[in-house]
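Written below as structure tokens is the structure these notes are about.
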Amino acid sequence: MTDHLPLLEDTVARLAHPQRGILAADESEPTITKRFAALGIASTPETRRAWRSLLITTPGVAEYLSGVILFEETLDQRTDDGSPIVDALNALGIVPGIKVDRRTVALPFTEGEKVSQGLDDLGARMAAYRERGLRFAKWRSTFKVSDSLPSPRAIHANAEALARYAAHCQQEGVVPIVEPEVLIDGDYSIERGAEVTEAVLHRVFAALVEAGVILEAMVLKPNMVVAGKAGGTAPPDRVAEFTVRTCLRAVPAAVPTINFLSGGQSAAEATANLDAINRHADGRAPWALSFSFARALQGPAMAAWAGQASNRETAQEAFLDRARQNARARQGRWTPEPEQVS
Ligand code: 5MM
């Protein structure tokens with residue numbers, strides 16, 4: 001049990017805000033470097049700071065964001081006007097959080113499957129994060145799909161790690177975002193994506209319950225159920241049908257909010273699918289169904305920015321636009337933008 005229940009309840013209620021979602025700005029250095037490199041942007045502490053400052057200081061964006069997940073490096077960085085980034089988020093009423101899993105390593109006796117690291121000293125790290133004003137954390141585990149993968153061994157190892165992480169968080173008054181990601185890579189069908197996602201979620205929730213995690217004080221961040229990238233694109237109504245069915249089968253009603261990752265879908269696809277999920281779930285979902293996107297929120301804005309200070313305003317407009325569209329989609333109230341006539 002934890003002495004921090006009121007804090008946990010307050011945080012999760014703020015994160016589950018009915019018109020908002022979460023921005024994932026927690027790419028580790030190798031990941032942000034890859035995203036920048038694709039656009040010819042150098043990855044340095046200063047370019048990473050400038051980018052993340054641009055995002056969170058976008059005028060009006062607080063209307064659409066309940067929380068922002070940060071990467072450790074950002075905790076010591078400041079916005080362009082000199083405010084510590086955590087303080088700037090708090091001033092905007094956006095809950096600051098932190099990614100705490102560390103690099104993945106190969107899991108022995110599997111076909112190259114991975115397990116996320118970072119459990120050593122996590123209790124102490126969590127207490128320090130709470131002292132710094134961080135109210136939630138995030139841990140991601142990934143699952144590769146083939147006809148025979150993920151193996152029961154990989155599902156079990158990652159579910160255990162997610163559960164131990166979540167328990168450490170709650171013991172220290174930090175809300176855990178639990179992120180089991182069935183990867184989009186591969187040529188699998190949407191039916192196979194549903195089968196794997198359901199198996200993973202069942203095992204993750206069994207581990208969370210065994211570890212004593214308070215389901216009412218967590219956020220689930222899963223993949224939407226889609227076909228593999230090389231398996232053809234399923235239309236939004238199919239994605240919605242399989243995603244809602246899978247969640248109804250595997251996610252306890254005590255969980256307040258499910259915030260999907262975008263996982264390599266285009267920004268437009270992720271929004272259309274989130275909207276379809278909310279429309280399909282209307283009246284039968286016990287949880288909020290929102291977003292915790294990185295690429296699907298940041299992608300168009302990062303391309304517009306291209307590392308140039310002179311593009312800052314255009315990039316902020318693009319970011320605000322994605323945030324606004326996803327906030328509509330998380331209410332099932334999104335309408336596609338009319339085609340631009342040139
Ligand atoms: C799946 O990645 C998470 C959501 O991002 P997308 O919406 O782009 O799929 C994201 O929060 C991710 O966990 C972080 O960017 C950290 O990733 P790395 O690869 O750096 O651990």
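Note on naming: chains are A, B, ... as they come in the structure tokens, residues start from 1 per chain, ligands start from 1 in the order shown.
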Would you pick out the contacts of Val239 in chain A at 7 Å or less, using only C-alpha atoms, so that residues sharing its chain but fewer than 5 positions from it are not included, and give the list as a PDB file with C-alpha atoms, in the first residue's frame?
```pdb
ATOM      1  CA  VAL A 225      -4.787  -2.951 -33.107  1.00  0.00           C
ATOM      2  CA  VAL A 226      -3.599  -2.597 -36.693  1.00  0.00           C
ATOM      3  CA  ALA A 234      -6.872  -1.678 -42.348  1.00  0.00           C
ATOM      4  CA  ASN A 273      -8.200   5.704 -36.070  1.00  0.00           C
TER       5      ASN A 273
END
```
Compile a residue-level contact table for chain A against ligand 1 at a cut-off of 6 Å, reporting for every qualifying residue the shortest atom pair and its distance in Å to one decimal, with only C-alpha atoms and all ligand atoms counted, rows ordered by chain and ascending number, as JSON lines.
```
{"residue": "A:Ala24", "atom": "CA", "partner": "ligand 1", "partner_atom_place_in_ligand_line": "11 (O)", "distance": 4.7}
{"residue": "A:Asp26", "atom": "CA", "partner": "ligand 1", "partner_atom_place_in_ligand_line": "14 (C)", "distance": 4.9}
{"residue": "A:Glu27", "atom": "CA", "partner": "ligand 1", "partner_atom_place_in_ligand_line": "15 (O)", "distance": 3.6}
{"residue": "A:Ser28", "atom": "CA", "partner": "ligand 1", "partner_atom_place_in_ligand_line": "20 (O)", "distance": 3.6}
{"residue": "A:Thr31", "atom": "CA", "partner": "ligand 1", "partner_atom_place_in_ligand_line": "20 (O)", "distance": 4.6}
{"residue": "A:Arg140", "atom": "CA", "partner": "ligand 1", "partner_atom_place_in_ligand_line": "13 (O)", "distance": 5.6}
{"residue": "A:Leu261", "atom": "CA", "partner": "ligand 1", "partner_atom_place_in_ligand_line": "7 (O)", "distance": 4.2}
{"residue": "A:Ser262", "atom": "CA", "partner": "ligand 1", "partner_atom_place_in_ligand_line": "7 (O)", "distance": 3.6}
{"residue": "A:Gly263", "atom": "CA", "partner": "ligand 1", "partner_atom_place_in_ligand_line": "9 (O)", "distance": 3.2}
{"residue": "A:Gly264", "atom": "CA", "partner": "ligand 1", "partner_atom_place_in_ligand_line": "9 (O)", "distance": 5.6}
{"residue": "A:Phe293", "atom": "CA", "partner": "ligand 1", "partner_atom_place_in_ligand_line": "7 (O)", "distance": 3.5}
{"residue": "A:Ala294", "atom": "CA", "partner": "ligand 1", "partner_atom_place_in_ligand_line": "7 (O)", "distance": 3.8}
{"residue": "A:Arg295", "atom": "CA", "partner": "ligand 1", "partner_atom_place_in_ligand_line": "8 (O)", "distance": 3.7}
{"residue": "A:Ala296", "atom": "CA", "partner": "ligand 1", "partner_atom_place_in_ligand_line": "7 (O)", "distance": 5.7}
```
All strand (DSSP E or B) positions in range 11-131 of chain A, as a compact mmCIF listing (two decimals) with N, CA and C atoms, in the first residue's frame:
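Written output follows (selection-v7.txt):
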```
# COMPACT_ATOMS: atom_id res chain seq x y z
N GLY A 21 -5.13 14.98 -24.19
CA GLY A 21 -4.30 13.78 -24.26
C GLY A 21 -2.88 14.12 -23.89
N ILE A 22 -1.99 13.14 -24.07
CA ILE A 22 -0.61 13.28 -23.60
C ILE A 22 0.34 13.39 -24.79
N LEU A 23 1.27 14.33 -24.69
CA LEU A 23 2.36 14.42 -25.67
C LEU A 23 3.54 13.59 -25.16
N ALA A 24 4.02 12.65 -25.97
CA ALA A 24 5.25 11.93 -25.64
C ALA A 24 6.41 12.68 -26.29
N ALA A 25 7.20 13.35 -25.46
CA ALA A 25 8.40 14.05 -25.96
C ALA A 25 9.60 13.44 -25.25
N LEU A 65 -3.56 19.40 -24.17
CA LEU A 65 -2.61 18.46 -23.55
C LEU A 65 -2.83 18.38 -22.04
N SER A 66 -3.00 17.16 -21.55
CA SER A 66 -3.10 16.97 -20.09
C SER A 66 -1.72 16.74 -19.48
N GLY A 67 -0.83 16.11 -20.23
CA GLY A 67 0.49 15.80 -19.70
C GLY A 67 1.54 15.76 -20.80
N VAL A 68 2.78 15.88 -20.42
CA VAL A 68 3.90 15.72 -21.37
C VAL A 68 4.91 14.77 -20.73
N ILE A 69 5.31 13.75 -21.49
CA ILE A 69 6.36 12.84 -21.01
C ILE A 69 7.71 13.38 -21.48
N LEU A 70 8.61 13.56 -20.52
CA LEU A 70 9.93 14.13 -20.82
C LEU A 70 11.00 13.05 -20.80
N ARG A 78 15.93 24.45 -20.19
CA ARG A 78 15.02 25.60 -20.02
C ARG A 78 14.35 25.95 -21.35
N PRO A 84 12.78 26.84 -16.32
CA PRO A 84 12.99 25.38 -16.35
C PRO A 84 11.76 24.72 -16.99
N VAL A 95 0.59 18.38 -16.77
CA VAL A 95 1.30 17.53 -15.80
C VAL A 95 2.62 17.03 -16.41
N PRO A 96 3.75 17.26 -15.73
CA PRO A 96 5.02 16.74 -16.26
C PRO A 96 5.31 15.32 -15.80
N GLY A 97 5.83 14.50 -16.72
CA GLY A 97 6.18 13.11 -16.40
C GLY A 97 7.53 12.76 -17.01
N ILE A 98 7.98 11.53 -16.76
CA ILE A 98 9.34 11.16 -17.16
C ILE A 98 9.39 9.71 -17.61
N LYS A 99 10.11 9.49 -18.71
CA LYS A 99 10.37 8.11 -19.17
C LYS A 99 11.47 7.53 -18.28
N ARG A 102 15.22 2.06 -19.39
CA ARG A 102 16.50 2.31 -20.06
C ARG A 102 16.66 1.34 -21.20
N ARG A 103 17.81 1.26 -21.81
CA ARG A 103 17.92 0.54 -23.08
C ARG A 103 17.45 -0.92 -22.93
N THR A 104 17.02 -1.47 -24.06
CA THR A 104 16.58 -2.87 -24.04
C THR A 104 17.80 -3.78 -24.26
N VAL A 105 17.71 -5.00 -23.73
CA VAL A 105 18.77 -6.00 -23.99
C VAL A 105 18.11 -7.28 -24.48
N ALA A 106 18.92 -8.11 -25.15
CA ALA A 106 18.38 -9.38 -25.67
C ALA A 106 18.00 -10.29 -24.51
N LYS A 114 13.51 -8.85 -26.90
CA LYS A 114 14.16 -7.88 -26.01
C LYS A 114 13.38 -7.73 -24.70
N VAL A 115 14.11 -7.31 -23.68
CA VAL A 115 13.46 -6.93 -22.43
C VAL A 115 14.00 -5.55 -22.03
N SER A 116 13.11 -4.70 -21.48
CA SER A 116 13.53 -3.34 -21.10
C SER A 116 14.22 -3.37 -19.74
N GLN A 117 15.26 -2.56 -19.61
CA GLN A 117 16.05 -2.48 -18.37
C GLN A 117 15.65 -1.24 -17.56
```
Quick one: which range 170-285 of chain A residues come within 7 Å of range 153-159 of chain A, and what is the nearest atom pair for each with the distance in Å to one decimal, counting only C-alpha atoms, rows ordered by chain and ascending number, as CSV?
```
residue,atom,partner,partner_atom,distance
A:Val200,CA,A:Ile155,CA,6.2
A:Arg203,CA,A:Ala159,CA,6.3
A:Val204,CA,A:Ala159,CA,4.6
A:Ala207,CA,A:Ala159,CA,6.1
```
**Request:** Point out the residue among A:Ile85, A:Leu208, A:Gln170, A:Arg20 with the least atom-to-atom distance to Trp51 in chain A, counting only C-alpha atoms.
**Result:**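 Of A:Ile85, A:Leu208, A:Gln170, A:Arg20, the one nearest Trp51 in chain A is A:Ile85, counting only C-alpha atoms.
Between CA of Ala50 in chain A and CA of Gln308 in chain A the separation is 9.8 Å.
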**Request:** Counting only C-alpha atoms, figure out which residue out of A:Ala329, A:Gly307, A:Lys221, A:Phe109 gets nearest to Ala42 in chain A.
**Result:**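 Among the listed residues, the smallest separation from Ala42 in chain A belongs to A:Gly307.
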**Asked** DSSP says alpha helix (DSSP H) for which residues of range 17-233 of chain A? Put them as JSON, numbers by chain?
**Response** {"A": [29, 30, 31, 32, 33, 34, 35, 36, 37, 45, 46, 47, 48, 49, 50, 51, 52, 53, 54, 55, 56, 85, 86, 87, 88, 89, 90, 91, 92, 122, 123, 124, 125, 126, 127, 128, 129, 130, 131, 152, 153, 154, 155, 156, 157, 158, 159, 160, 161, 162, 163, 164, 165, 166, 167, 168, 169, 170, 171, 190, 191, 192, 193, 194, 195, 196, 197, 198, 199, 200, 201, 202, 203, 204, 205, 206, 207, 208, 209, 210]}
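The space between CA of Arg14 in chain A and CA of Glu198 in chain A spans 27.6 Å.
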**Prompt:** If we count only C-alpha atoms, what is near Asn326 in chain A at a cut-off of 12 Å, once residues fewer than 5 positions away on the same chain are taken out, given as a ChimeraX atom specification?
**Reply:** /A:19-23,61,63-65,259-260,262,267-276,278,289-293,296-298,319-321,331-336
Written selection (C-alpha atoms) as an mmCIF file, in the first residue's frame:
```cif
data_model
loop_
_atom_site.group_PDB
_atom_site.id
_atom_site.type_symbol
_atom_site.label_atom_id
_atom_site.label_comp_id
_atom_site.auth_asym_id
_atom_site.auth_seq_id
_atom_site.Cartn_x
_atom_site.Cartn_y
_atom_site.Cartn_z
ATOM 1 C CA GLN A 19 -10.863 16.828 -23.824
ATOM 2 C CA ARG A 20 -7.086 16.294 -23.696
ATOM 3 C CA GLY A 21 -4.305 13.776 -24.259
ATOM 4 C CA ILE A 22 -0.613 13.282 -23.600
ATOM 5 C CA LEU A 23 2.359 14.416 -25.669
ATOM 6 C CA VAL A 61 -1.559 23.972 -26.786
ATOM 7 C CA GLU A 63 -6.024 23.401 -24.112
ATOM 8 C CA TYR A 64 -5.339 20.018 -25.724
ATOM 9 C CA LEU A 65 -2.612 18.463 -23.549
ATOM 10 C CA ASN A 259 -3.836 6.542 -24.073
ATOM 11 C CA PHE A 260 -2.748 4.944 -27.342
ATOM 12 C CA SER A 262 0.854 6.018 -32.626
ATOM 13 C CA ALA A 267 -0.260 11.516 -38.261
ATOM 14 C CA ALA A 268 -3.480 11.465 -40.315
ATOM 15 C CA GLU A 269 -4.022 7.706 -39.825
ATOM 16 C CA ALA A 270 -3.503 7.909 -36.066
ATOM 17 C CA THR A 271 -6.083 10.694 -35.746
ATOM 18 C CA ALA A 272 -8.658 8.975 -37.971
ATOM 19 C CA ASN A 273 -8.200 5.704 -36.070
ATOM 20 C CA LEU A 274 -8.470 7.370 -32.653
ATOM 21 C CA ASP A 275 -11.686 9.063 -33.736
ATOM 22 C CA ALA A 276 -13.128 5.793 -35.072
ATOM 23 C CA ASN A 278 -14.071 6.598 -29.775
ATOM 24 C CA LEU A 289 -9.749 6.475 -24.927
ATOM 25 C CA SER A 290 -7.171 9.124 -25.670
ATOM 26 C CA PHE A 291 -3.680 9.622 -27.114
ATOM 27 C CA SER A 292 -0.086 9.600 -25.949
ATOM 28 C CA PHE A 293 1.535 10.165 -29.329
ATOM 29 C CA ALA A 296 1.793 11.535 -34.793
ATOM 30 C CA LEU A 297 1.863 14.813 -32.840
ATOM 31 C CA GLN A 298 5.390 15.972 -33.563
ATOM 32 C CA PHE A 319 1.894 21.211 -33.782
ATOM 33 C CA LEU A 320 -1.171 23.066 -32.500
ATOM 34 C CA ASP A 321 -3.156 21.746 -35.449
ATOM 35 C CA GLN A 331 -13.917 12.699 -28.058
ATOM 36 C CA GLY A 332 -15.087 10.997 -31.282
ATOM 37 C CA ARG A 333 -15.836 14.465 -32.681
ATOM 38 C CA TRP A 334 -13.163 14.786 -35.374
ATOM 39 C CA THR A 335 -14.047 15.654 -38.945
ATOM 40 C CA PRO A 336 -11.467 15.313 -41.719
#
```
**Item:** Test item: residues at most 6 Å from range 240-254 of chain A, only C-alpha atoms, excluding those fewer than 4 positions along its chain, as a list in words
**Value:** Glu198, Leu201, His202, Leu215, Glu216, Met224, Val225, Pro236, Ala276, Ile277 and Pro286 of chain A
Keeping only all heavy atoms, write the selected residues as an mmCIF file, in the first residue's frame.
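Generated output (out22.cif):
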```cif
data_model
loop_
_atom_site.group_PDB
_atom_site.id
_atom_site.type_symbol
_atom_site.label_atom_id
_atom_site.label_comp_id
_atom_site.auth_asym_id
_atom_site.auth_seq_id
_atom_site.Cartn_x
_atom_site.Cartn_y
_atom_site.Cartn_z
ATOM 1 N N GLU A 198 -4.023 -8.972 -27.473
ATOM 2 C CA GLU A 198 -4.859 -9.492 -26.385
ATOM 3 C C GLU A 198 -4.037 -10.379 -25.437
ATOM 4 O O GLU A 198 -4.138 -10.254 -24.207
ATOM 5 C CB GLU A 198 -6.029 -10.278 -26.988
ATOM 6 C CG GLU A 198 -7.063 -10.640 -25.944
ATOM 7 C CD GLU A 198 -8.257 -11.399 -26.544
ATOM 8 O OE1 GLU A 198 -8.661 -11.107 -27.691
ATOM 9 O OE2 GLU A 198 -8.764 -12.295 -25.851
ATOM 10 N N LEU A 201 -1.790 -8.109 -23.314
ATOM 11 C CA LEU A 201 -2.522 -7.344 -22.286
ATOM 12 C C LEU A 201 -3.019 -8.240 -21.155
ATOM 13 O O LEU A 201 -2.957 -7.867 -19.987
ATOM 14 C CB LEU A 201 -3.687 -6.573 -22.926
ATOM 15 C CG LEU A 201 -3.278 -5.413 -23.835
ATOM 16 C CD1 LEU A 201 -4.512 -4.776 -24.486
ATOM 17 C CD2 LEU A 201 -2.500 -4.337 -23.067
ATOM 18 N N HIS A 202 -3.473 -9.453 -21.500
ATOM 19 C CA HIS A 202 -3.897 -10.369 -20.434
ATOM 20 C C HIS A 202 -2.742 -10.635 -19.465
ATOM 21 O O HIS A 202 -2.911 -10.587 -18.248
ATOM 22 C CB HIS A 202 -4.361 -11.704 -21.028
ATOM 23 C CG HIS A 202 -5.785 -11.700 -21.472
ATOM 24 N ND1 HIS A 202 -6.814 -11.305 -20.647
ATOM 25 C CD2 HIS A 202 -6.369 -12.052 -22.651
ATOM 26 C CE1 HIS A 202 -7.967 -11.414 -21.310
ATOM 27 N NE2 HIS A 202 -7.719 -11.848 -22.526
ATOM 28 N N LEU A 215 -5.110 -0.421 -9.905
ATOM 29 C CA LEU A 215 -5.496 -0.225 -11.305
ATOM 30 C C LEU A 215 -6.135 1.144 -11.531
ATOM 31 O O LEU A 215 -6.024 1.726 -12.620
ATOM 32 C CB LEU A 215 -6.446 -1.330 -11.762
ATOM 33 C CG LEU A 215 -5.883 -2.762 -11.689
ATOM 34 C CD1 LEU A 215 -6.912 -3.757 -12.182
ATOM 35 C CD2 LEU A 215 -4.589 -2.895 -12.502
ATOM 36 N N GLU A 216 -6.778 1.681 -10.506
ATOM 37 C CA GLU A 216 -7.445 2.988 -10.623
ATOM 38 C C GLU A 216 -6.440 4.134 -10.730
ATOM 39 O O GLU A 216 -6.817 5.258 -11.056
ATOM 40 C CB GLU A 216 -8.328 3.257 -9.392
ATOM 41 C CG GLU A 216 -9.552 2.377 -9.273
ATOM 42 C CD GLU A 216 -9.265 0.990 -8.683
ATOM 43 O OE1 GLU A 216 -8.072 0.675 -8.432
ATOM 44 O OE2 GLU A 216 -10.228 0.224 -8.484
ATOM 45 N N MET A 224 -2.669 0.701 -30.888
ATOM 46 C CA MET A 224 -3.977 0.391 -31.472
ATOM 47 C C MET A 224 -3.812 -0.958 -32.182
ATOM 48 O O MET A 224 -2.694 -1.318 -32.574
ATOM 49 C CB MET A 224 -4.365 1.446 -32.508
ATOM 50 C CG MET A 224 -4.497 2.845 -31.929
ATOM 51 S SD MET A 224 -4.916 4.013 -33.252
ATOM 52 C CE MET A 224 -4.610 5.576 -32.425
ATOM 53 N N VAL A 225 -4.897 -1.677 -32.382
ATOM 54 C CA VAL A 225 -4.787 -2.951 -33.107
ATOM 55 C C VAL A 225 -4.843 -2.655 -34.601
ATOM 56 O O VAL A 225 -5.881 -2.216 -35.125
ATOM 57 C CB VAL A 225 -5.891 -3.937 -32.680
ATOM 58 C CG1 VAL A 225 -5.824 -5.197 -33.539
ATOM 59 C CG2 VAL A 225 -5.736 -4.273 -31.195
ATOM 60 N N PRO A 236 -10.134 2.650 -40.771
ATOM 61 C CA PRO A 236 -10.394 3.022 -39.378
ATOM 62 C C PRO A 236 -11.498 2.211 -38.703
ATOM 63 O O PRO A 236 -11.382 1.874 -37.531
ATOM 64 C CB PRO A 236 -10.764 4.510 -39.480
ATOM 65 C CG PRO A 236 -10.042 4.985 -40.691
ATOM 66 C CD PRO A 236 -10.044 3.835 -41.650
ATOM 67 N N ALA A 276 -12.266 6.959 -34.822
ATOM 68 C CA ALA A 276 -13.128 5.793 -35.072
ATOM 69 C C ALA A 276 -13.242 4.934 -33.813
ATOM 70 O O ALA A 276 -14.320 4.401 -33.511
ATOM 71 C CB ALA A 276 -12.558 4.973 -36.235
ATOM 72 N N ILE A 277 -12.171 4.796 -33.078
ATOM 73 C CA ILE A 277 -12.191 4.015 -31.832
ATOM 74 C C ILE A 277 -13.191 4.631 -30.860
ATOM 75 O O ILE A 277 -14.010 3.940 -30.254
ATOM 76 C CB ILE A 277 -10.764 3.960 -31.217
ATOM 77 C CG1 ILE A 277 -9.882 3.017 -32.035
ATOM 78 C CG2 ILE A 277 -10.795 3.539 -29.748
ATOM 79 C CD1 ILE A 277 -8.389 3.093 -31.692
ATOM 80 N N PRO A 286 -15.635 1.483 -20.547
ATOM 81 C CA PRO A 286 -15.582 2.031 -19.187
ATOM 82 C C PRO A 286 -14.428 3.004 -18.977
ATOM 83 O O PRO A 286 -14.380 3.683 -17.957
ATOM 84 C CB PRO A 286 -15.376 0.778 -18.321
ATOM 85 C CG PRO A 286 -14.707 -0.210 -19.218
ATOM 86 C CD PRO A 286 -15.176 0.090 -20.615
#
```
**Message:** Here is a test: counting only C-alpha atoms, which residue of A:Asp147, A:Glu337, A:Glu210, A:Glu160 is nearest to Glu191 in chain A?
**Reply:** A:Asp147
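The interatomic distance for the pair CA of Ala128 in chain A and CA of His168 in chain A works out to 12.3 Å.
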**Message:** Would you pick out the contacts of Leu39 in chain A at 8 Å or less, using only C-alpha atoms, so that residues sharing its chain but fewer than 3 positions from it are not included, and give the list as a VMD selection string?
**Reply:** chain A and resid 35 to 36 303 306
**Prompt:** Of the residues A:Thr2, A:Asn223, A:Thr142, A:Ser83, which is the one nearest to Leu107 in chain A, using only C-alpha atoms?
**Reply:**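 The shortest atom-to-atom distance to Leu107 in chain A comes from A:Thr142.
Using only C-alpha atoms, the shortest contact distance between Arg328 in chain A and any of A:Pro18, A:Asp282, A:Thr11, A:Ile56 is found at A:Pro18.
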